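Dumped start-v4.cif below, it's mmCIF, C-alpha atoms:
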```
data_query
loop_
_atom_site.label_atom_id
_atom_site.label_comp_id
_atom_site.auth_asym_id
_atom_site.auth_seq_id
_atom_site.Cartn_x
_atom_site.Cartn_y
_atom_site.Cartn_z
CA MET A 81 -18.18 -25.74 20.71
CA ALA A 82 -17.43 -22.08 20.47
CA ALA A 83 -13.99 -20.99 21.48
CA SER A 84 -13.13 -18.34 24.03
CA VAL A 85 -9.79 -16.73 23.31
CA SER A 86 -8.49 -14.87 26.32
CA CYS A 87 -5.50 -13.82 28.36
CA HIS A 88 -7.52 -12.38 31.25
CA TYR A 89 -11.18 -12.52 32.16
CA PHE A 90 -13.11 -9.68 33.75
CA SER A 91 -16.71 -8.60 33.80
CA SER A 92 -18.47 -5.29 33.14
CA PRO A 93 -21.98 -3.96 32.52
CA LEU A 94 -23.32 -4.89 29.10
CA THR A 95 -25.42 -2.56 27.02
CA THR A 96 -25.79 -2.22 23.29
CA SER A 97 -25.75 0.60 20.83
CA THR A 98 -27.50 0.21 17.49
CA LYS A 99 -26.09 3.20 15.64
CA SER A 100 -23.43 2.95 12.96
CA ILE A 101 -20.84 5.28 11.57
CA LYS A 102 -20.88 6.79 8.11
CA PRO A 103 -17.22 6.55 7.16
CA LYS A 104 -15.79 8.80 4.49
CA LEU A 105 -12.73 8.76 2.34
CA ASN A 106 -10.40 11.48 3.53
CA TYR A 107 -7.94 12.78 0.95
CA SER A 108 -6.44 9.86 -0.97
CA HIS A 109 -7.25 7.26 1.63
CA PHE A 110 -10.22 5.43 3.00
CA ALA A 111 -9.85 5.27 6.75
CA PRO A 112 -12.75 6.13 9.05
CA SER A 113 -13.99 9.62 9.69
CA LEU A 114 -16.76 10.78 12.00
CA SER A 115 -20.33 10.96 10.75
CA LYS A 116 -23.68 9.56 11.76
CA GLY A 117 -25.77 7.39 9.52
CA SER A 118 -25.78 3.97 7.91
CA ILE A 119 -24.75 4.87 4.35
CA ARG A 120 -21.09 4.96 3.51
CA HIS A 121 -19.83 7.86 1.44
CA PHE A 122 -16.38 7.95 -0.06
CA VAL A 123 -15.39 11.49 -0.93
CA PRO A 124 -11.81 11.82 -2.16
CA LEU A 125 -10.02 15.11 -1.82
CA CYS A 126 -7.04 15.29 -4.14
CA SER A 127 -3.76 16.83 -3.12
CA SER A 128 -3.66 18.29 -6.62
CA GLN A 129 -6.31 20.76 -5.47
CA ARG A 130 -3.60 22.53 -3.52
CA SER A 131 -1.54 25.30 -5.18
CA LEU A 132 1.18 24.11 -7.51
CA PRO A 133 4.85 24.88 -6.81
CA SER A 134 6.37 27.92 -8.47
CA GLU A 135 8.73 27.49 -11.40
CA SER A 136 11.73 28.12 -9.19
CA GLU A 137 10.68 25.23 -6.93
CA CYS A 138 9.67 22.73 -9.59
CA GLN A 139 12.94 20.85 -9.83
CA ASP A 140 13.12 20.37 -6.08
CA LYS A 141 9.48 19.40 -5.59
CA GLU A 142 8.31 17.70 -8.76
CA LYS A 143 9.07 14.19 -7.53
CA ASP A 144 7.10 14.72 -4.33
CA TRP A 145 4.28 16.38 -6.23
CA PHE A 146 3.99 13.56 -8.78
CA LEU A 147 4.07 10.96 -6.02
CA SER A 148 1.20 12.73 -4.26
CA LEU A 149 -0.69 13.04 -7.54
CA LYS A 150 -0.29 9.33 -8.26
CA LYS A 151 -1.66 8.46 -4.83
CA CYS A 152 -4.60 10.76 -5.39
CA ALA A 153 -5.42 9.31 -8.80
CA ALA A 154 -5.34 5.82 -7.37
CA ALA A 155 -7.64 6.87 -4.53
CA VAL A 156 -10.16 8.38 -6.97
CA ALA A 157 -10.28 5.09 -8.82
CA LEU A 158 -10.64 3.25 -5.52
CA SER A 159 -13.52 5.50 -4.53
CA VAL A 160 -15.32 4.80 -7.81
CA SER A 161 -14.98 1.07 -7.29
CA LEU A 162 -16.35 1.33 -3.75
CA ILE A 163 -19.25 3.63 -4.66
CA THR A 164 -20.33 1.66 -7.71
CA GLY A 165 -19.95 -1.69 -6.02
CA LEU A 166 -17.70 -2.97 -8.78
CA PRO A 167 -15.24 -5.68 -7.82
CA GLY A 168 -12.46 -4.10 -5.84
CA SER A 169 -10.03 -6.99 -5.66
CA GLN A 170 -7.44 -5.01 -7.52
CA TRP A 171 -7.64 -2.35 -4.80
CA LEU A 172 -8.26 -4.24 -1.59
CA SER A 173 -5.73 -7.04 -1.74
CA PRO A 174 -4.54 -9.39 1.02
CA ALA A 175 -2.09 -8.04 3.52
CA HIS A 176 0.92 -9.47 1.77
CA ALA A 177 0.09 -8.80 -1.87
CA SER A 178 3.03 -9.72 -4.06
CA THR A 179 2.21 -7.50 -7.04
CA PRO A 180 1.07 -4.07 -5.89
CA ALA A 181 -0.84 -1.95 -8.37
CA LEU A 182 1.26 1.11 -7.49
CA PRO A 183 4.87 -0.04 -7.82
CA ASP A 184 6.19 3.53 -7.84
CA VAL A 185 5.09 3.95 -4.22
CA SER A 186 7.82 1.47 -3.32
CA VAL A 187 10.41 4.22 -3.68
CA LEU A 188 9.48 5.15 -0.11
CA ILE A 189 10.46 1.73 1.20
CA SER A 190 14.08 1.60 2.28
CA GLY A 191 14.02 -2.00 3.41
CA PRO A 192 11.71 -4.86 4.38
CA PRO A 193 8.84 -3.34 6.37
CA ILE A 194 8.56 -4.16 10.05
CA LYS A 195 5.09 -5.58 10.63
CA ASP A 196 5.41 -7.17 14.05
CA PRO A 197 3.72 -4.92 16.64
CA GLY A 198 6.24 -5.79 19.33
CA ALA A 199 9.15 -4.85 17.08
CA LEU A 200 7.46 -1.60 16.09
CA LEU A 201 7.02 -0.69 19.74
CA ARG A 202 10.63 -1.55 20.58
CA TYR A 203 12.01 0.55 17.74
CA ALA A 204 9.66 3.41 18.68
CA LEU A 205 11.21 3.89 22.11
CA PRO A 206 13.01 7.25 22.53
CA ILE A 207 16.48 5.79 23.04
CA ASP A 208 19.81 6.01 21.24
CA ASN A 209 21.91 3.04 22.27
CA LYS A 210 23.56 1.25 19.39
CA ALA A 211 24.78 -1.62 21.56
CA ILE A 212 21.32 -2.83 22.55
CA ARG A 213 20.02 -2.39 19.01
CA GLU A 214 22.83 -4.66 17.78
CA VAL A 215 21.54 -7.34 20.14
CA GLN A 216 17.94 -6.74 19.13
CA LYS A 217 18.39 -6.78 15.35
CA PRO A 218 19.51 -10.43 14.90
CA LEU A 219 16.84 -11.59 17.32
CA GLU A 220 14.19 -9.77 15.26
CA ASP A 221 15.71 -11.35 12.12
CA ILE A 222 14.85 -14.81 13.43
CA THR A 223 11.30 -14.13 12.20
CA ASP A 224 12.59 -14.01 8.62
CA SER A 225 14.86 -16.99 9.18
CA LEU A 226 11.85 -19.10 10.17
CA LYS A 227 10.26 -18.41 6.80
CA ILE A 228 12.74 -20.89 5.32
CA ALA A 229 11.14 -24.31 4.91
CA GLY A 230 11.90 -27.19 7.24
CA VAL A 231 14.89 -27.57 9.51
CA LYS A 232 17.08 -25.61 7.08
CA ALA A 233 15.72 -22.55 8.83
CA LEU A 234 17.69 -23.55 11.90
CA ASP A 235 21.02 -22.87 10.21
CA SER A 236 19.95 -19.26 9.72
CA VAL A 237 18.58 -19.08 13.26
CA GLU A 238 21.92 -20.31 14.58
CA ARG A 239 23.71 -17.44 12.82
CA ASN A 240 21.18 -14.99 14.28
CA THR A 241 21.72 -16.43 17.77
CA ARG A 242 25.50 -16.29 17.57
CA GLN A 243 25.38 -12.73 16.30
CA ALA A 244 23.09 -11.65 19.16
CA SER A 245 25.26 -13.43 21.74
CA ARG A 246 28.42 -11.81 20.42
CA ALA A 247 26.79 -8.37 20.39
CA LEU A 248 25.64 -8.82 23.99
CA MET A 249 29.07 -9.95 25.16
CA GLU A 250 30.88 -7.09 23.44
CA GLY A 251 28.34 -4.37 24.22
CA LYS A 252 27.11 -5.19 27.71
CA THR A 253 29.06 -2.37 29.36
CA LEU A 254 27.71 0.20 26.89
CA ILE A 255 24.20 -1.17 27.34
CA VAL A 256 24.33 -0.84 31.13
CA SER A 257 25.80 2.67 30.85
CA GLY A 258 22.76 3.71 28.81
CA VAL A 259 20.24 2.62 31.45
CA ALA A 260 18.60 5.18 33.74
CA LYS A 261 20.39 5.05 37.09
CA SER A 262 17.21 4.28 39.00
CA LYS A 263 16.60 1.24 36.78
CA THR A 264 20.10 -0.23 36.63
CA ASP A 265 19.46 -3.23 38.89
CA HIS A 266 16.37 -4.22 36.93
CA ALA A 267 18.17 -3.90 33.61
CA ILE A 268 21.11 -6.03 34.79
CA GLU A 269 18.65 -8.71 35.92
CA LEU A 270 17.07 -8.71 32.48
CA LEU A 271 20.46 -8.84 30.75
CA ASN A 272 21.43 -11.88 32.81
CA LYS A 273 18.19 -13.60 31.81
CA LEU A 274 18.85 -12.63 28.21
CA GLU A 275 22.34 -14.13 28.30
CA ALA A 276 21.04 -17.37 29.78
CA GLY A 277 18.17 -17.46 27.30
CA LEU A 278 20.53 -17.08 24.34
CA GLY A 279 22.35 -20.17 25.57
CA GLU A 280 19.04 -22.00 25.75
CA LEU A 281 18.17 -20.89 22.23
CA GLN A 282 21.52 -22.19 21.00
CA GLN A 283 20.69 -25.57 22.56
CA ILE A 284 17.26 -25.56 20.90
CA VAL A 285 18.96 -25.06 17.55
CA GLU A 286 21.46 -27.84 18.20
CA ASP A 287 18.57 -30.14 19.12
CA ARG A 288 16.94 -29.19 15.79
CA ASN A 289 13.73 -28.28 17.63
CA ARG A 290 12.26 -25.79 15.17
CA ASP A 291 8.92 -25.45 17.01
CA ALA A 292 10.62 -24.18 20.16
CA VAL A 293 12.42 -21.33 18.40
CA ALA A 294 9.61 -18.77 18.07
CA PRO A 295 8.48 -18.94 21.74
CA LYS A 296 12.08 -18.55 22.93
CA GLN A 297 12.63 -15.67 20.49
CA LYS A 298 9.59 -13.88 21.91
CA GLU A 299 10.87 -14.38 25.46
CA LEU A 300 14.30 -12.98 24.58
CA LEU A 301 12.87 -9.97 22.77
CA ASN A 302 10.73 -9.23 25.82
CA TYR A 303 13.95 -9.05 27.85
CA VAL A 304 15.50 -6.77 25.23
CA GLY A 305 12.42 -4.55 25.21
CA GLY A 306 12.50 -4.36 29.00
CA VAL A 307 16.13 -3.21 28.98
CA GLU A 308 15.33 -0.63 26.31
CA GLU A 309 12.44 0.73 28.36
CA ASP A 310 14.81 1.00 31.32
CA MET A 311 16.90 3.34 29.18
CA VAL A 312 14.11 5.92 29.09
CA ASP A 313 14.71 8.35 31.94
CA GLY A 314 11.57 10.42 32.45
CA PHE A 315 9.44 11.88 29.68
CA PRO A 316 11.64 13.11 26.82
CA TYR A 317 9.96 16.40 25.81
CA GLU A 318 7.42 19.04 26.78
CA VAL A 319 3.90 18.79 25.38
CA PRO A 320 2.80 22.15 23.87
CA GLU A 321 1.31 24.50 26.43
CA GLU A 322 -2.18 24.48 24.91
CA TYR A 323 -2.44 20.71 25.50
CA GLN A 324 -0.66 20.41 28.85
CA ASN A 325 -3.88 20.34 30.88
CA MET A 326 -5.39 17.50 28.87
CA PRO A 327 -5.11 13.89 30.04
CA LEU A 328 -1.60 12.86 28.96
CA LEU A 329 0.00 9.42 28.91
CA LYS A 330 3.65 10.08 29.68
CA GLY A 331 4.95 6.62 28.96
CA ARG A 332 3.21 3.42 27.97
CA ALA A 333 0.16 1.56 29.17
CA THR A 334 -1.36 -1.83 28.44
CA VAL A 335 -5.08 -2.54 28.24
CA ASP A 336 -7.19 -5.63 27.67
CA MET A 337 -10.30 -5.25 25.53
CA LYS A 338 -12.87 -8.00 26.02
CA VAL A 339 -15.31 -8.42 23.12
CA LYS A 340 -18.45 -10.55 23.08
CA VAL A 341 -18.71 -12.09 19.63
CA LYS A 342 -22.18 -12.77 18.25
CA ASP A 343 -23.30 -15.34 15.69
CA ASN A 344 -19.93 -17.06 15.45
CA PRO A 345 -19.98 -20.76 16.35
CA ASN A 346 -16.19 -20.82 16.63
CA LEU A 347 -15.67 -17.80 18.85
CA GLU A 348 -17.76 -16.56 21.76
CA GLU A 349 -15.49 -13.89 23.18
CA CYS A 350 -11.95 -12.66 22.81
CA VAL A 351 -9.59 -10.51 24.84
CA PHE A 352 -7.31 -8.28 22.81
CA ARG A 353 -4.19 -6.96 24.51
CA ILE A 354 -3.26 -3.46 23.35
CA VAL A 355 -0.10 -1.48 24.12
CA LEU A 356 -0.61 2.29 24.04
CA ASP A 357 2.42 4.44 23.30
CA GLY A 358 2.41 7.73 25.17
CA TYR A 359 6.04 8.44 24.32
CA ASN A 360 5.02 9.15 20.75
CA ALA A 361 1.36 10.13 21.20
CA PRO A 362 0.85 11.40 24.77
CA VAL A 363 -2.30 13.44 24.06
CA THR A 364 -3.97 10.77 21.96
CA ALA A 365 -3.12 7.86 24.25
CA GLY A 366 -3.95 9.91 27.34
CA ASN A 367 -7.36 10.79 25.97
CA PHE A 368 -8.10 7.11 25.31
CA ILE A 369 -6.92 5.89 28.73
CA ASP A 370 -9.00 8.59 30.40
CA LEU A 371 -12.08 7.38 28.50
CA VAL A 372 -11.28 3.79 29.41
CA GLU A 373 -11.22 4.72 33.09
CA ARG A 374 -14.62 6.38 32.62
CA HIS A 375 -15.87 3.03 31.23
CA PHE A 376 -16.86 4.98 28.13
CA TYR A 377 -16.40 2.00 25.79
CA ASP A 378 -17.92 -0.66 28.07
CA GLY A 379 -21.04 -2.09 26.45
CA MET A 380 -20.44 -0.29 23.15
CA ASP A 381 -20.96 -2.04 19.82
CA ILE A 382 -18.42 -2.58 17.12
CA GLN A 383 -19.78 -0.05 14.64
CA ARG A 384 -17.79 -0.75 11.50
CA ALA A 385 -16.15 -3.98 10.33
CA ASP A 386 -15.64 -4.04 6.59
CA GLY A 387 -12.47 -6.07 6.19
CA PHE A 388 -10.35 -2.94 6.06
CA VAL A 389 -10.88 -1.55 9.55
CA VAL A 390 -12.75 -2.27 12.77
CA GLN A 391 -14.16 0.89 14.34
CA THR A 392 -16.03 1.92 17.47
CA GLY A 393 -16.42 4.86 19.84
CA ASP A 394 -19.57 6.62 18.53
CA PRO A 395 -21.76 7.16 21.62
CA GLU A 396 -25.54 7.05 21.67
CA GLY A 397 -27.29 10.30 20.90
CA PRO A 398 -26.49 13.05 18.40
CA ALA A 399 -22.92 13.58 19.61
CA GLU A 400 -20.15 11.95 17.62
CA GLY A 401 -17.67 11.96 20.48
CA PHE A 402 -17.23 12.18 24.24
CA ILE A 403 -19.20 14.95 25.93
CA ASP A 404 -17.15 16.29 28.83
CA PRO A 405 -19.56 16.68 31.78
CA SER A 406 -17.57 19.64 33.09
CA THR A 407 -18.10 21.66 29.91
CA GLU A 408 -21.10 19.87 28.34
CA LYS A 409 -19.19 20.05 25.07
CA THR A 410 -17.45 17.46 22.92
CA ARG A 411 -13.87 16.96 24.01
CA THR A 412 -11.60 16.91 20.99
CA ILE A 413 -7.89 16.36 20.66
CA PRO A 414 -5.37 17.53 18.07
CA LEU A 415 -3.88 15.43 15.32
CA GLU A 416 -0.61 14.16 16.79
CA ILE A 417 2.13 12.72 14.57
CA MET A 418 5.65 11.76 15.66
CA VAL A 419 8.18 11.65 12.82
CA VAL A 420 11.40 9.64 12.85
CA GLY A 421 14.27 12.00 13.62
CA GLU A 422 12.12 14.54 15.49
CA LYS A 423 12.24 15.00 19.27
CA ALA A 424 8.53 15.82 19.68
CA PRO A 425 5.32 15.23 17.71
CA PHE A 426 3.79 17.61 15.21
CA TYR A 427 0.33 18.84 16.20
CA GLY A 428 -2.65 19.92 14.13
CA GLU A 429 -1.12 19.29 10.71
CA THR A 430 -0.72 16.26 8.47
CA LEU A 431 2.70 15.48 7.08
CA GLU A 432 1.40 16.57 3.70
CA ASP A 433 0.41 19.93 5.21
CA LEU A 434 3.98 20.23 6.47
CA GLY A 435 5.47 19.24 3.12
CA LEU A 436 7.07 16.13 4.66
CA TYR A 437 5.98 13.76 1.91
CA LYS A 438 8.68 11.16 2.47
CA ALA A 439 8.95 11.38 6.24
CA GLN A 440 8.54 8.15 8.20
CA THR A 441 6.24 8.14 11.20
CA ARG A 442 7.49 6.68 14.45
CA LEU A 443 4.24 4.68 14.81
CA PRO A 444 3.39 3.55 11.27
CA PHE A 445 0.33 1.70 9.99
CA ASN A 446 2.49 -1.38 9.44
CA ALA A 447 0.98 -3.96 11.76
CA PHE A 448 -2.29 -5.85 11.60
CA GLY A 449 -4.21 -4.24 14.44
CA THR A 450 -2.61 -0.80 14.30
CA MET A 451 -4.81 1.45 16.48
CA ALA A 452 -5.59 5.06 15.53
CA MET A 453 -8.09 7.88 16.00
CA ALA A 454 -10.91 8.55 13.55
CA ARG A 455 -11.69 12.20 12.85
CA GLU A 456 -13.75 14.53 10.69
CA GLU A 457 -12.92 14.49 7.02
CA PHE A 458 -11.64 18.06 6.71
CA GLU A 459 -10.77 18.89 10.33
CA ASN A 460 -7.44 17.62 11.63
CA ASN A 461 -8.22 18.40 15.27
CA SER A 462 -11.67 16.81 15.52
CA ALA A 463 -10.82 13.40 17.00
CA SER A 464 -12.65 12.64 20.23
CA SER A 465 -13.56 9.06 21.10
CA GLN A 466 -13.89 7.10 17.86
CA VAL A 467 -11.03 4.70 17.27
CA PHE A 468 -10.20 2.16 14.60
CA TRP A 469 -7.89 -0.77 14.02
CA LEU A 470 -6.38 -1.35 10.59
CA LEU A 471 -6.87 -4.93 9.48
CA LYS A 472 -4.81 -5.30 6.36
CA GLU A 473 -2.73 -3.73 3.70
CA SER A 474 -3.94 -2.84 0.24
CA GLU A 475 -1.98 -1.47 -2.67
CA LEU A 476 -2.76 1.99 -1.26
CA THR A 477 -1.63 1.11 2.25
CA PRO A 478 1.58 -0.96 1.97
CA SER A 479 3.84 -1.04 4.98
CA ASN A 480 6.50 1.71 4.95
CA ALA A 481 4.63 3.59 2.19
CA ASN A 482 1.23 3.91 3.76
CA ILE A 483 -0.89 6.89 2.72
CA LEU A 484 -2.62 6.74 6.12
CA ASP A 485 0.69 7.48 7.82
CA GLY A 486 0.93 11.10 8.82
CA ARG A 487 -2.79 11.73 8.33
CA TYR A 488 -4.26 9.78 11.24
CA ALA A 489 -2.83 9.57 14.75
CA VAL A 490 -1.60 6.09 15.61
CA PHE A 491 -1.22 5.53 19.34
CA GLY A 492 -0.93 1.79 19.87
CA TYR A 493 -0.91 -1.75 18.57
CA VAL A 494 -2.81 -4.93 19.37
CA THR A 495 -0.07 -7.29 20.56
CA GLU A 496 -2.07 -10.41 21.46
CA ASN A 497 -4.93 -12.10 19.58
CA GLU A 498 -4.74 -9.46 16.85
CA ASP A 499 -5.66 -11.99 14.16
CA PHE A 500 -9.10 -12.36 15.71
CA LEU A 501 -9.92 -8.73 14.89
CA ALA A 502 -10.82 -10.01 11.43
CA ASP A 503 -13.61 -12.11 12.99
CA LEU A 504 -15.37 -9.12 14.56
CA LYS A 505 -18.62 -7.87 13.03
CA VAL A 506 -20.89 -4.88 13.42
CA GLY A 507 -22.98 -5.51 16.52
CA ASP A 508 -20.36 -7.44 18.46
CA VAL A 509 -20.06 -5.87 21.90
CA ILE A 510 -17.08 -4.51 23.81
CA GLU A 511 -17.87 -5.85 27.26
CA SER A 512 -15.03 -3.93 28.86
CA ILE A 513 -11.65 -2.34 28.41
CA HIS A 514 -9.40 -2.70 31.44
CA VAL A 515 -6.02 -1.08 32.17
CA VAL A 516 -3.51 -3.81 32.96
CA SER A 517 -0.47 -1.61 33.57
CA GLY A 518 0.79 1.93 33.09
CA LEU A 519 -2.11 3.84 34.63
CA ASP A 520 0.42 5.65 36.81
CA ASN A 521 1.80 7.22 33.61
CA LEU A 522 -1.48 9.11 33.09
CA VAL A 523 -1.36 12.73 34.20
CA ASN A 524 -4.28 15.16 34.42
CA PRO A 525 -6.85 12.35 34.53
CA SER A 526 -10.25 13.95 34.16
CA TYR A 527 -12.07 10.79 35.22
CA LYS A 528 -10.89 11.37 38.81
CA ILE A 529 -12.36 14.87 38.78
CA ALA A 530 -15.63 13.49 37.44
CA GLY A 531 -15.69 10.84 40.14
#
```
Mind turning this structure into structure tokens?
Amino acid sequence: MAASVSCHYFSSPLTTSTKSIKPKLNYSHFAPSLSKGSIRHFVPLCSSQRSLPSESECQDKEKDWFLSLKKCAAAVALSVSLITGLPGSQWLSPAHASTPALPDVSVLISGPPIKDPGALLRYALPIDNKAIREVQKPLEDITDSLKIAGVKALDSVERNTRQASRALMEGKTLIVSGVAKSKTDHAIELLNKLEAGLGELQQIVEDRNRDAVAPKQKELLNYVGGVEEDMVDGFPYEVPEEYQNMPLLKGRATVDMKVKVKDNPNLEECVFRIVLDGYNAPVTAGNFIDLVERHFYDGMDIQRADGFVVQTGDPEGPAEGFIDPSTEKTRTIPLEIMVVGEKAPFYGETLEDLGLYKAQTRLPFNAFGTMAMAREEFENNSASSQVFWLLKESELTPSNANILDGRYAVFGYVTENEDFLADLKVGDVIESIHVVSGLDNLVNPSYKIAG
């Protein structure tokens, strides 16, 4: 019998769209861009086409330039393999390939990449409280501890648990002092649950109950994440004036996307939970939530599913994005990239355009199910309604050294049932996308004006 994977069930009108997207290779990567048609074209644009540095700048820039050139050369070869149909296994490897074809790219990786969507979202919060991070880190490390075979993993988990408990005991006062005053009571409640839960985890370890560790870890990290969110007091920066009247998500929101799966005897439908991060992408996430409230995606087909990405959002008709009824024109949004260490996102320019070749994005393409906006190949500010989810790493898109980072706007992660994205096919139907929480963080909602 076919399975139905779901957290919540809800119904919506069901229609189908038969058009597909003609994705293109933008620069040295192969994420989706906007174009009608059924034939896929991969058109690499090399960074080496840009002007070379002057002699006086060579010593300072040659490493960055050669890194960019190496990525470009690899992408050209990838494009040839995709166009010619030759086997591409050396380019499109499983998500955890052990021998990448571009080992030099690893110079960008400063440590083991964080791939868990929940962890990425926690670390992306605009807070600076060392005490809570010292509680969080050993709890996150339990994931690696559980990679050890058998019950031996529990010895490592016990060390993680003791470290987290000690950090909580020693840092509780500093943690509470970092919480927004209006949220203090809630944060203290969560900290008390966290303290009790750490004791329960210690007992699980003593009972040698390995299977109970991961669920308890998730519960405790949810408490930690809740406390960290309570540390955010208002929205941390001003959106540029030219975008202030757009729909903006000033905070986070959670949505459930229900997909009807066709021709799969093992899966009839699935609900994907997605967390949208307006702290780091307020324009991009706000645009999406506004479209969700317009039911723009309800009844729309999955339009690309090639093992690398799943993509949708191309409406029926000649338009490649959302036509705003108030203007009768396509509503587009700027490229929006938040960089680690910056207080506000960059707009309209890729990190390469800015010369930030080694900068780390706050929302990286690290997780299976990373959600981002598709756009025109040569126009940074052309995104409208087409979105995609990254399914896996390749040698060109390893976590923490991903050539998609800084070129496409990430604005969320699938946090539940993400593995089932790989089962989606072209023609599967998004029955509905429903906002579960955070709608009150949306400002300037155009859907209310439209009625």
So which residues get picked by the PyMOL selection byres ((chain A and resi 335-349) around 6) here, written as a ChimeraX atom specification?
/A:82-84,334,350-354,508-516
Evaluate the PyMOL selection byres ((chain A and resi 317) around 10) and record the selected residues as a CSV table (one decimal) with C-alpha atoms, in the coordinates of the input, following the chain and residue labels used in the document.
```
chain,number,residue,atom,x,y,z
A,314,GLY,CA,11.6,10.4,32.4
A,315,PHE,CA,9.4,11.9,29.7
A,316,PRO,CA,11.6,13.1,26.8
A,318,GLU,CA,7.4,19.0,26.8
A,319,VAL,CA,3.9,18.8,25.4
A,320,PRO,CA,2.8,22.2,23.9
A,330,LYS,CA,3.6,10.1,29.7
A,359,TYR,CA,6.0,8.4,24.3
A,423,LYS,CA,12.2,15.0,19.3
A,424,ALA,CA,8.5,15.8,19.7
A,425,PRO,CA,5.3,15.2,17.7
```
Mind telling me what the PyMOL selection byres ((chain A and resi 444-450) around 6) catches here, as a VMD selection string?
chain A and resid 195 to 197 441 443 451 469 to 472 479 485 493 to 494 498
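If you look at atom CA of Gly305 of chain A and atom CA of Ala233 of chain A, they are 24.6 Å away from each other.
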Per residue of segment 304-412 of chain A within 12 Å of segment 280-300 of chain A, what are the shortest atom pair and its distance in Å to one decimal, counting all atoms listed in the file, with rows by chain and residue number, as a Markdown table?
```
| residue | atom | partner | partner_atom | distance |
| --- | --- | --- | --- | --- |
| A:Val304 | CA | A:Leu300 | CA | 6.4 |
| A:Gly305 | CA | A:Leu300 | CA | 8.7 |
| A:Gly306 | CA | A:Leu300 | CA | 9.9 |
| A:Val307 | CA | A:Leu300 | CA | 10.9 |
```
What lies within 12 Å of Phe376 of chain A using all atoms listed in the file, ignoring chain neighbours under 3 positions off, as a PDB file with C-alpha atoms, in the frame of the given file?
```pdb
ATOM      1  CA  SER A  92     -18.470  -5.290  33.140  1.00  0.00           C
ATOM      2  CA  PRO A  93     -21.980  -3.960  32.520  1.00  0.00           C
ATOM      3  CA  LEU A  94     -23.320  -4.890  29.100  1.00  0.00           C
ATOM      4  CA  THR A  95     -25.420  -2.560  27.020  1.00  0.00           C
ATOM      5  CA  ASN A 367      -7.360  10.790  25.970  1.00  0.00           C
ATOM      6  CA  PHE A 368      -8.100   7.110  25.310  1.00  0.00           C
ATOM      7  CA  ILE A 369      -6.920   5.890  28.730  1.00  0.00           C
ATOM      8  CA  ASP A 370      -9.000   8.590  30.400  1.00  0.00           C
ATOM      9  CA  LEU A 371     -12.080   7.380  28.500  1.00  0.00           C
ATOM     10  CA  VAL A 372     -11.280   3.790  29.410  1.00  0.00           C
ATOM     11  CA  GLU A 373     -11.220   4.720  33.090  1.00  0.00           C
ATOM     12  CA  GLY A 379     -21.040  -2.090  26.450  1.00  0.00           C
ATOM     13  CA  MET A 380     -20.440  -0.290  23.150  1.00  0.00           C
ATOM     14  CA  ASP A 381     -20.960  -2.040  19.820  1.00  0.00           C
ATOM     15  CA  THR A 392     -16.030   1.920  17.470  1.00  0.00           C
ATOM     16  CA  GLY A 393     -16.420   4.860  19.840  1.00  0.00           C
ATOM     17  CA  ASP A 394     -19.570   6.620  18.530  1.00  0.00           C
ATOM     18  CA  PRO A 395     -21.760   7.160  21.620  1.00  0.00           C
ATOM     19  CA  GLU A 396     -25.540   7.050  21.670  1.00  0.00           C
ATOM     20  CA  GLY A 401     -17.670  11.960  20.480  1.00  0.00           C
ATOM     21  CA  PHE A 402     -17.230  12.180  24.240  1.00  0.00           C
ATOM     22  CA  ILE A 403     -19.200  14.950  25.930  1.00  0.00           C
ATOM     23  CA  ASP A 404     -17.150  16.290  28.830  1.00  0.00           C
ATOM     24  CA  SER A 464     -12.650  12.640  20.230  1.00  0.00           C
ATOM     25  CA  SER A 465     -13.560   9.060  21.100  1.00  0.00           C
ATOM     26  CA  GLN A 466     -13.890   7.100  17.860  1.00  0.00           C
ATOM     27  CA  ILE A 510     -17.080  -4.510  23.810  1.00  0.00           C
ATOM     28  CA  GLU A 511     -17.870  -5.850  27.260  1.00  0.00           C
ATOM     29  CA  SER A 512     -15.030  -3.930  28.860  1.00  0.00           C
ATOM     30  CA  ILE A 513     -11.650  -2.340  28.410  1.00  0.00           C
ATOM     31  CA  HIS A 514      -9.400  -2.700  31.440  1.00  0.00           C
ATOM     32  CA  TYR A 527     -12.070  10.790  35.220  1.00  0.00           C
TER      33      TYR A 527
END
```
So the first atom is atom CA of Leu434 of chain A and the second is atom CA of Glu400 of chain A; what is the distance between them in Å, to one decimal place?
27.8 Å
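Take the candidates A:Arg202, A:Arg213, A:Arg442, A:Lys528 and check each one against Arg374 of chain A using all atoms listed in the file; the shortest distance goes to A:Lys528.
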